[in-house]
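Visitor: Before I ask anything, let me first share the structure, which is written out below as structure tokens.
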Amino acid sequence: MAKGEGSESGSAAGLLPTGILQAAERPAQEPKKKQQLSICNKLCYAVGGAPYQVTGCALGFFLQIYLLDVAQVDPFSASIILFVGRAWDAFTDPLVGFCISKSSWTRLGRLMPWIIFSTPLAVIAYFLIWFVPDFPQGQALWYLLFYCLFETLVTCFHVPYSALTMFISTEQSERDSATAYRMTVEVLGTVLGTAIQGQIVGQADTPCLQDSNGSALASEGTNHTQSATSLKETQNAYLLAAGVIASIYVVCAVILTLGVREQREPYETQQAEPMSFFRGLRLVMSHGPYVKLIAGFLFTSLAFMLVEGNFALFCTYTLGFRNEFQNLLLAIMLSATFTIPIWQWFLTRFGKKTAVYIGISSAVPFLILVAFMESNLVITYVVAVAAGISVAAAFLLPWSMLPDVIDDFHLKQPQSHGTEPIFFSFYVFFTKFASGVSLGISTLSLDFAGYQTRGCSQPARVKFTLKMLVTIAPIVLILLGLLLFKLYPIDEEKRRQNKKDLQALREEASSSGCSDTDSTELARIL
């Protein structure tokens, strides 16, 4: 794969390395060969998606219980930390997208410097999130500071990495294939994050017992010295898990940096100045296919995040499988991992819109089954495997369809370059917005239903609420999202036409670049 080298890389493509033919004898320019990415290139690119998923999974599943039971932060402060952290995380995506859009090309590219320089700082911030400071009065501020700092730095990694999809190849098929590799690795990253954090800190769970009134309370040790020793061991276990995950973060970043090079579009090099961020934002948000795609995936993402956020509580209290949660989650993620290549073949064979309808809607029958079935472990595992198939489609399809929207935008706005980070950062922003909404809906619903903190069992109203959050609400959101996808205009015929038109634009830009360079060379020789 050719290495990007600033503004000369696009306009110089296709030139002979030395000398120049006489003008009368110069042959007609041959069409450029299709750019192929090797399996090694695709794997190196895909590995770059693991840090975001591994750290995000560990924080998503374990940060709340860590703050309450290990760091012993009071519940109100813990809720402030989690809410402000989520809100700040969503805000940083368009902010980082703005900063990237103002960045200039360097020898390493425009996106790679953000990935390289944010990695060491993100690793330090992540490790300090899981460290318990000695000053209890300022613990809440400590965790809020480093949680927000880490979310900012990981955004500086993930937004340029997401936009990198448009710069690893100019071929749609190659980008789709690399996206499939990426989604497979990202699903493996969620499995890895859950496994590492769960296995190392699994002993951090506090047992519960019934008091004289029948309510479940957390057990407290009578020996304070023994309790303090156990707490210290738990804190060290969290630090060990943080160290392992931080090491994975660094290794993946190094592989991505060494194995992937950005490629610049030929027509981009002819632009005098990049477009301003706010003008680019107006153009992006007024692009119909992008708005419709975002709206559809906003509803489907909200559906799957409701299931994800309440899955542990649903298994524990509604189904009664307190000790099977991690195994059921592992079944979902492994199923998703193995079916992503199948979905990649399916969308190539039958089209992306068809894959959306079949892939995402395939979760509906199994959610209905969960809503009406009694507690049955075997059936629950079957449903978990089937849910993983739909999760794979939900993982793969947004990132596979976004490049098609950007190509369509480039054809309609050929003078508007440098907008790729805006497309990707605002998609991530809306996804995180959906995550925040799902967290707020779940927490408020359980609070109204009478959820008992640290309870071994919950009232019937809480169990019913959990069942609604995991089954009926996601079904309604999925159906709404699929209705919005009916309005999405880029089908396979439109996508193929865009590909031809974009290729013609690239060849025209390359020919123009060659003509300008040849004239300069002839003048120098004369």
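In the structure tokens, the first chain shown is A, the next is B, and so on; residue numbers restart at 1 for each chain, and ligands run from 1 in the order shown.
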Skipping near chain neighbours, those fewer than 4 positions away, what residues fall within 8 Å of Leu313 of chain A using only C-alpha atoms, listed as an NGL selection string?
Guide: :A and (317-318 or 466)
Visitor: With a distance cut-off of 9 Å and only C-alpha atoms, select the neighbouring residues of Gln172 of chain A, excluding the residue or stretch itself and same-chain residues fewer than 4 positions from it, and output the selection as a list in words.
Guide: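 Residues meeting the cut-off are Asp176, Ser177, Pro403, Asp404 and Lys499 of chain A.
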Visitor: So how far away is atom CA of Thr465 of chain A from atom CA of Arg86 of chain A, in Å?
Guide: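 Result for atom CA of Arg86 of chain A versus atom CA of Thr465 of chain A: 23.7 Å, one decimal.
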Visitor: Give me, as a ChimeraX atom specification, all polymer residues having an atom no more than 9 Å from Ile490 of chain A, counting only C-alpha atoms and skipping those fewer than 5 positions away in the same chain.
Guide: /A:289,353,404-405,408,495
Visitor: For Phe409 of chain A, which of A:Ile39, A:Val428, A:Ala386, A:Val284 is the closest residue, counting only C-alpha atoms?
Guide: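 Among the listed residues, the smallest separation from Phe409 of chain A belongs to A:Val284.
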Visitor: Under the rule that only C-alpha atoms are counted, which of A:Leu397, A:Leu149, A:Leu302, A:Leu231 is the nearest residue to Phe433 of chain A?
Guide: A:Leu302
Visitor: With only C-alpha atoms as the basis for distance, which of A:Ala393, A:Asp501, A:Gly193, A:Phe430 is at the shortest distance from Lys412 of chain A?
Guide: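 Once distances to Lys412 of chain A are computed over only C-alpha atoms, the minimum belongs to A:Asp501.
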Visitor: With only C-alpha atoms as the atoms that count, which of A:Ala371, A:Leu298, A:Val260, A:Ala392 lies nearest to Leu482 of chain A?
Guide: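 Of all the options, A:Leu298 lies closest to Leu482 of chain A.
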